[in-house]
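A.B. asks: So that you have it, the file is input34.pdb, and it contains PDB, C-alpha atoms and all ligand atoms:
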ATOM      1  CA  MET A 287       0.000   0.000   0.000
ATOM      2  CA  SER A 288       1.439   3.417  -0.923
ATOM      3  CA  ASP A 289       1.882   6.194   1.658
ATOM      4  CA  ALA A 290      -0.947   8.132   0.029
ATOM      5  CA  VAL A 291      -3.282   5.169   0.301
ATOM      6  CA  ALA A 292      -2.226   4.449   3.881
ATOM      7  CA  GLN A 293      -2.787   8.068   4.828
ATOM      8  CA  GLN A 294      -6.232   7.989   3.280
ATOM      9  CA  THR A 295      -7.100   4.776   5.067
ATOM     10  CA  GLU A 296      -6.496   6.493   8.392
ATOM     11  CA  GLN A 297      -8.978   9.224   7.608
ATOM     12  CA  GLN A 298     -12.599   8.911   8.611
ATOM     13  CA  GLU A 299     -14.957   8.191   5.771
ATOM     14  CA  PRO A 300     -18.596   9.154   5.747
ATOM     15  CA  GLU A 301     -21.204   6.426   6.139
ATOM     16  CA  ILE A 302     -21.196   4.459   2.893
ATOM     17  CA  ASP A 303     -24.193   2.538   1.544
ATOM     18  CA  LEU A 304     -22.660  -0.700   0.261
ATOM     19  CA  SER A 305     -25.859  -1.746  -1.495
ATOM     20  CA  ILE A 306     -24.958   0.769  -4.233
ATOM     21  CA  ALA A 307     -21.662  -1.057  -4.805
ATOM     22  CA  ASP A 308     -23.422  -4.422  -4.623
ATOM     23  CA  ALA A 309     -25.759  -3.434  -7.456
ATOM     24  CA  VAL A 310     -22.733  -2.722  -9.679
ATOM     25  CA  ILE A 311     -20.890  -5.859  -8.584
ATOM     26  CA  ASP A 312     -23.989  -8.030  -9.198
ATOM     27  CA  LYS A 313     -24.092  -6.768 -12.773
ATOM     28  CA  TYR A 314     -20.561  -7.982 -13.539
ATOM     29  CA  ILE A 315     -20.013 -10.754 -11.033
ATOM     30  CA  ASP A 316     -20.043 -13.617 -13.563
ATOM     31  CA  ILE A 317     -18.125 -11.832 -16.298
ATOM     32  CA  PRO A 318     -14.396 -12.616 -16.679
ATOM     33  CA  GLY A 319     -12.138  -9.564 -16.370
ATOM     34  CA  ASN A 320     -14.769  -7.765 -14.348
ATOM     35  CA  LEU A 321     -12.483  -5.753 -12.070
ATOM     36  CA  MET A 322     -12.137  -2.652 -14.271
ATOM     37  CA  PRO A 323     -15.854  -2.340 -15.142
ATOM     38  CA  VAL A 324     -16.752  -2.841 -11.482
ATOM     39  CA  LEU A 325     -14.324  -0.145 -10.349
ATOM     40  CA  GLN A 326     -15.497   2.244 -13.067
ATOM     41  CA  GLY A 327     -19.157   1.592 -12.296
ATOM     42  CA  VAL A 328     -18.629   2.030  -8.571
ATOM     43  CA  GLN A 329     -16.744   5.278  -9.091
ATOM     44  CA  ASP A 330     -19.571   6.574 -11.295
ATOM     45  CA  GLU A 331     -21.984   5.915  -8.435
ATOM     46  CA  TYR A 332     -20.008   7.370  -5.508
ATOM     47  CA  GLY A 333     -17.907   9.927  -7.401
ATOM     48  CA  TYR A 334     -14.796   8.221  -5.995
ATOM     49  CA  ILE A 335     -13.894   4.845  -4.543
ATOM     50  CA  PRO A 336     -14.198   4.837  -0.760
ATOM     51  CA  HIS A 337     -11.800   2.453   0.995
ATOM     52  CA  VAL A 338     -14.596   0.485   2.563
ATOM     53  CA  VAL A 339     -16.004  -0.097  -0.929
ATOM     54  CA  ALA A 340     -12.606  -1.131  -2.313
ATOM     55  CA  ASP A 341     -12.321  -3.696   0.480
ATOM     56  CA  HIS A 342     -15.874  -4.875  -0.163
ATOM     57  CA  ILE A 343     -15.151  -5.339  -3.880
ATOM     58  CA  ALA A 344     -12.057  -7.387  -3.015
ATOM     59  CA  GLU A 345     -14.137  -9.630  -0.804
ATOM     60  CA  ARG A 346     -16.956 -10.106  -3.280
ATOM     61  CA  LEU A 347     -14.715 -10.658  -6.318
ATOM     62  CA  ASN A 348     -12.432 -12.850  -4.251
ATOM     63  CA  VAL A 349      -9.257 -10.924  -5.041
ATOM     64  CA  TYR A 350      -6.634  -9.501  -2.716
ATOM     65  CA  PRO A 351      -7.234  -5.890  -1.579
ATOM     66  CA  SER A 352      -3.636  -5.172  -2.668
ATOM     67  CA  GLN A 353      -4.656  -6.054  -6.232
ATOM     68  CA  ILE A 354      -7.518  -3.551  -6.077
ATOM     69  CA  TYR A 355      -5.311  -0.808  -4.641
ATOM     70  CA  GLY A 356      -2.669  -1.601  -7.261
ATOM     71  CA  VAL A 357      -5.185  -0.842 -10.008
ATOM     72  CA  LEU A 358      -6.619   2.203  -8.212
ATOM     73  CA  THR A 359      -3.247   3.826  -7.717
ATOM     74  CA  PHE A 360      -1.931   2.929 -11.187
ATOM     75  CA  TYR A 361      -4.737   4.478 -13.236
ATOM     76  CA  ALA A 362      -5.197   8.236 -12.967
ATOM     77  CA  GLN A 363      -8.918   7.827 -13.732
ATOM     78  CA  PHE A 364      -9.560   6.415 -10.262
ATOM     79  CA  HIS A 365      -9.880   8.506  -7.134
ATOM     80  CA  LEU A 366      -9.671   7.341  -3.550
ATOM     81  CA  LYS A 367     -10.763  10.658  -2.112
ATOM     82  CA  PRO A 368     -14.016  12.578  -2.634
ATOM     83  CA  ARG A 369     -13.767  14.987  -5.567
ATOM     84  CA  GLY A 370     -15.152  18.479  -5.847
ATOM     85  CA  ARG A 371     -18.273  19.382  -7.802
ATOM     86  CA  PHE A 372     -16.015  21.570  -9.958
ATOM     87  CA  ILE A 373     -12.642  20.278 -11.106
ATOM     88  CA  ILE A 374     -10.293  23.168 -11.831
ATOM     89  CA  ARG A 375      -7.376  22.244 -14.044
ATOM     90  CA  VAL A 376      -4.546  24.626 -14.810
ATOM     91  CA  CYS A 377      -2.145  23.663 -17.566
ATOM     92  CA  VAL A 378       1.511  23.715 -16.599
ATOM     93  CA  GLY A 379       2.828  22.564 -19.984
ATOM     94  CA  THR A 380       5.702  24.494 -21.535
ATOM     95  CA  ALA A 381       3.695  27.116 -23.441
ATOM     96  CA  CYS A 382       1.488  27.804 -20.440
ATOM     97  CA  HIS A 383       4.443  27.793 -18.058
ATOM     98  CA  VAL A 384       6.283  30.497 -19.992
ATOM     99  CA  SER A 385       3.050  32.491 -20.328
ATOM    100  CA  GLY A 386       2.564  32.740 -16.571
ATOM    101  CA  ALA A 387       0.899  29.488 -15.448
ATOM    102  CA  PRO A 388       2.848  29.357 -12.138
ATOM    103  CA  ARG A 389       1.313  32.663 -11.068
ATOM    104  CA  ILE A 390      -2.165  31.413 -12.033
ATOM    105  CA  VAL A 391      -1.628  28.212 -10.043
ATOM    106  CA  GLU A 392      -0.429  30.154  -6.983
ATOM    107  CA  THR A 393      -3.416  32.476  -7.191
ATOM    108  CA  PHE A 394      -5.858  29.544  -7.230
ATOM    109  CA  PHE A 395      -4.001  28.019  -4.268
ATOM    110  CA  ASP A 396      -4.281  31.299  -2.342
ATOM    111  CA  LYS A 397      -7.935  31.910  -3.144
ATOM    112  CA  LEU A 398      -9.139  28.358  -2.577
ATOM    113  CA  GLY A 399      -6.857  27.464   0.321
ATOM    114  CA  ILE A 400      -5.927  24.129  -1.252
ATOM    115  CA  GLY A 401      -2.987  22.771  -3.235
ATOM    116  CA  HIS A 402      -2.512  20.398  -6.143
ATOM    117  CA  ALA A 403      -4.846  17.378  -6.123
ATOM    118  CA  GLU A 404      -6.719  18.704  -3.120
ATOM    119  CA  THR A 405     -10.402  19.360  -2.566
ATOM    120  CA  THR A 406     -12.010  22.153  -0.593
ATOM    121  CA  PRO A 407     -13.734  20.930   2.610
ATOM    122  CA  ASP A 408     -17.147  21.910   1.211
ATOM    123  CA  LEU A 409     -16.451  19.634  -1.803
ATOM    124  CA  ARG A 410     -17.038  22.505  -4.216
ATOM    125  CA  TYR A 411     -13.588  22.504  -5.837
ATOM    126  CA  THR A 412     -10.797  20.099  -6.635
ATOM    127  CA  PHE A 413      -7.641  21.657  -8.060
ATOM    128  CA  GLU A 414      -5.226  19.905 -10.399
ATOM    129  CA  LYS A 415      -2.137  20.954 -12.310
ATOM    130  CA  VAL A 416      -2.139  19.171 -15.663
ATOM    131  CA  ALA A 417       0.166  18.731 -18.646
ATOM    132  CA  CYS A 418      -0.524  20.363 -22.035
ATOM    133  CA  LEU A 419      -4.242  20.575 -22.739
ATOM    134  CA  GLY A 420      -3.611  20.954 -26.470
ATOM    135  CA  ALA A 421      -4.617  24.596 -26.869
ATOM    136  CA  CYS A 422      -1.234  26.230 -26.442
ATOM    137  CA  GLY A 423      -2.280  29.235 -28.583
ATOM    138  CA  MET A 424      -4.578  30.224 -25.699
ATOM    139  CA  ALA A 425      -1.880  29.912 -23.023
ATOM    140  CA  PRO A 426      -2.025  30.152 -20.115
ATOM    141  CA  LEU A 427      -5.003  27.847 -20.011
ATOM    142  CA  ALA A 428      -7.410  26.775 -17.284
ATOM    143  CA  MET A 429     -10.473  24.539 -17.334
ATOM    144  CA  VAL A 430     -13.372  24.117 -14.955
ATOM    145  CA  ASN A 431     -15.023  20.793 -15.705
ATOM    146  CA  ASP A 432     -15.567  21.089 -19.501
ATOM    147  CA  ASP A 433     -15.334  24.901 -19.705
ATOM    148  CA  THR A 434     -12.101  26.307 -21.077
ATOM    149  CA  PHE A 435     -10.584  29.646 -20.086
ATOM    150  CA  GLY A 436      -7.735  30.913 -22.244
ATOM    151  CA  LYS A 437      -5.279  33.789 -21.791
ATOM    152  CA  MET A 438      -5.656  33.422 -18.041
ATOM    153  CA  THR A 439      -4.838  36.308 -15.745
ATOM    154  CA  VAL A 440      -4.905  36.739 -11.987
ATOM    155  CA  GLN A 441      -8.062  38.813 -12.391
ATOM    156  CA  LYS A 442      -9.722  35.992 -14.344
ATOM    157  CA  VAL A 443      -9.025  33.660 -11.443
ATOM    158  CA  ASP A 444     -11.188  35.907  -9.239
ATOM    159  CA  GLU A 445     -13.903  36.022 -11.888
ATOM    160  CA  ILE A 446     -13.940  32.243 -12.306
ATOM    161  CA  ILE A 447     -14.166  31.613  -8.568
ATOM    162  CA  ALA A 448     -16.914  34.211  -8.204
ATOM    163  CA  GLU A 449     -18.863  32.613 -11.041
ATOM    164  CA  TYR A 450     -18.569  29.010  -9.836
ATOM    165  CA  ASN A 451     -19.322  29.997  -6.252
ATOM    166  CA  GLN A 452     -22.792  30.899  -7.556
ATOM    167  CA  ARG A 453     -23.362  27.579  -9.278
ATOM    168  CA  PRO A 454     -25.530  24.937  -7.624
ATOM    169  CA  MET A 455     -23.755  21.928  -6.158
ATOM    170  CA  LYS A 456     -25.883  19.400  -8.071
TER     171      LYS A 456
HETATM  172  S1  LIG B 501       1.086  23.955 -22.819
HETATM  173 FE1  LIG B 501      -0.800  24.581 -21.986
HETATM  174  S2  LIG B 501      -2.232  24.065 -23.516
HETATM  175 FE2  LIG B 501      -0.345  23.372 -24.300
END
Kindly present the structure from the file in structure tokens form.
Ligand code: FES

C.D. replies:
Amino acid sequence: MSDAVAQQTEQQEPEIDLSIADAVIDKYIDIPGNLMPVLQGVQDEYGYIPHVVADHIAERLNVYPSQIYGVLTFYAQFHLKPRGRFIIRVCVGTACHVSGAPRIVETFFDKLGIGHAETTPDLRYTFEKVACLGACGMAPLAMVNDDTFGKMTVQKVDEIIAEYNQRPMK
């Protein structure tokens, strides 16, 4: 188990309804190679994969928990922590870096009070630094979920946060 996983395991998790996971597991239980679809389906339901659910999947699919955690930590698509309603991504690829991305990243950190790969306690925002988003002509680039914001400035950071603070959580 990695340090990150161990650290997470120590944290309290909210009450989890395992019947939601069971419904996904039941769907794939007899299908060979069912681990990935089960993990994907479970993550779709909970928004992330709680540890208690990962352990439950191991038990029901009769695989070692270490095998589950190996998959969960290898693939970036899986998350062991709750994610925010809004995922803010700031590109730190070369074009964005030279156009001022570090300052944009720092400003988001300051305003949100979180760092890379962290989520605000109210679960509104998760922040991630990412590699080239493929729109270098608009550098520096930020995204909030599927919305793209090019030619980012410190002022735009304020505007984005103000706008998404107004959005409903569901
Ligand atoms: S380097 Fe940022 S979009 Fe390409």

A.B. asks: At a cut-off of 7 Å around ligand LIG 501 (chain B), and using only C-alpha atoms and all ligand atoms, what residues come up? Please write them as a PDB file with C-alpha atoms, in the frame of the given file.

C.D. replies:
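Once everything was written out, this is part-v4.pdb:
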ATOM      1  CA  CYS A 377      -2.145  23.663 -17.566  1.00  0.00           C
ATOM      2  CA  VAL A 378       1.511  23.715 -16.599  1.00  0.00           C
ATOM      3  CA  GLY A 379       2.828  22.564 -19.984  1.00  0.00           C
ATOM      4  CA  THR A 380       5.702  24.494 -21.535  1.00  0.00           C
ATOM      5  CA  ALA A 381       3.695  27.116 -23.441  1.00  0.00           C
ATOM      6  CA  CYS A 382       1.488  27.804 -20.440  1.00  0.00           C
ATOM      7  CA  HIS A 383       4.443  27.793 -18.058  1.00  0.00           C
ATOM      8  CA  ALA A 417       0.166  18.731 -18.646  1.00  0.00           C
ATOM      9  CA  CYS A 418      -0.524  20.363 -22.035  1.00  0.00           C
ATOM     10  CA  LEU A 419      -4.242  20.575 -22.739  1.00  0.00           C
ATOM     11  CA  GLY A 420      -3.611  20.954 -26.470  1.00  0.00           C
ATOM     12  CA  ALA A 421      -4.617  24.596 -26.869  1.00  0.00           C
ATOM     13  CA  CYS A 422      -1.234  26.230 -26.442  1.00  0.00           C
ATOM     14  CA  MET A 424      -4.578  30.224 -25.699  1.00  0.00           C
ATOM     15  CA  ALA A 425      -1.880  29.912 -23.023  1.00  0.00           C
ATOM     16  CA  PRO A 426      -2.025  30.152 -20.115  1.00  0.00           C
ATOM     17  CA  LEU A 427      -5.003  27.847 -20.011  1.00  0.00           C
TER      18      LEU A 427
END

A.B. asks: Please determine, counting only C-alpha atoms, which residue among A:Phe372, A:Gly401, A:Gly319, A:Leu325 has the shortest atom-to-atom distance to A:Gln452.

C.D. replies: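 For A:Gln452, the nearest of the given residues is A:Phe372.
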
A.B. asks: At what distance in Å, to one decimal, does atom CA of A:Gly333 lie from atom CA of A:Ala309?

C.D. replies: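 Spanning atom CA of A:Ala309 to atom CA of A:Gly333 is a straight-line distance of 15.5 Å.
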
A.B. asks: Find the spatial neighbours of A:Ile373, counting all atoms listed in the file, within a cut-off of 9 Å - ignore same-chain residues fewer than 2 positions away - and output them as a PyMOL selection string.

C.D. replies: chain A and resi 369-371+375+405+410-414+429-432

A.B. asks: So, counting all atoms listed in the file, which residue among A:His365, A:Lys456, A:Arg346, A:His337 is closest to A:Asn320?

C.D. replies: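 Looking only at the distances to A:Asn320, the closest residue turns out to be A:Arg346.
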
A.B. asks: Counting all atoms listed in the file, figure out which residue out of A:Ile374, A:Asp316, A:Lys415, A:Leu321 gets nearest to A:Ile446.

C.D. replies: A:Ile374

A.B. asks: Do you have the atom CA of A:Gln329-atom CA of A:Pro454 distance handy?

C.D. replies: 21.6 Å

A.B. asks: Please provide as a count of residues only all residues within 12 Å of A:Ile311, with the sequence filter that same-chain residues fewer than 5 positions apart are discarded (counting only C-alpha atoms).

C.D. replies: 25

A.B. asks: Can you work out which one of A:Val416, A:Leu398, A:Asn451, A:Val310 has the shortest atom-to-atom distance to A:Ala362, counting only C-alpha atoms?

C.D. replies: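 With only C-alpha atoms as the atom set, the closest residue is A:Val416.
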
A.B. asks: I would like the residues chosen by the PyMOL selection byres (((chain A and resi 355) around 10) and not hetatm) on the shown file; could you give them as a PyMOL selection string?

C.D. replies: chain A and resi 287-288+291+337+340-341+344+350-354+356-360+366

A.B. asks: Quick one: write out the picked residues with C-alpha atoms as a compact mmCIF listing (two decimals), keeping the file's coordinate frame?

C.D. replies:
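Result written to result28.txt:
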# COMPACT_ATOMS: atom_id res chain seq x y z
CA MET A 287 0.00 0.00 0.00
CA SER A 288 1.44 3.42 -0.92
CA VAL A 291 -3.28 5.17 0.30
CA HIS A 337 -11.80 2.45 1.00
CA ALA A 340 -12.61 -1.13 -2.31
CA ASP A 341 -12.32 -3.70 0.48
CA ALA A 344 -12.06 -7.39 -3.02
CA TYR A 350 -6.63 -9.50 -2.72
CA PRO A 351 -7.23 -5.89 -1.58
CA SER A 352 -3.64 -5.17 -2.67
CA GLN A 353 -4.66 -6.05 -6.23
CA ILE A 354 -7.52 -3.55 -6.08
CA GLY A 356 -2.67 -1.60 -7.26
CA VAL A 357 -5.18 -0.84 -10.01
CA LEU A 358 -6.62 2.20 -8.21
CA THR A 359 -3.25 3.83 -7.72
CA PHE A 360 -1.93 2.93 -11.19
CA LEU A 366 -9.67 7.34 -3.55

A.B. asks: For atom CA of A:Ile400 and atom CA of A:Lys442, quote the distance in Å rounded to one decimal.

C.D. replies: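 Taking atom CA of A:Ile400 as the start and atom CA of A:Lys442 as the end point, the length is 18.1 Å.
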
A.B. asks: Out of A:Asp312, A:Glu301, A:Glu404, A:Glu392, which residue has the shortest atom-to-atom distance to A:Val443 when counting all atoms listed in the file?

C.D. replies: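 The shortest atom-to-atom distance to A:Val443 comes from A:Glu392.
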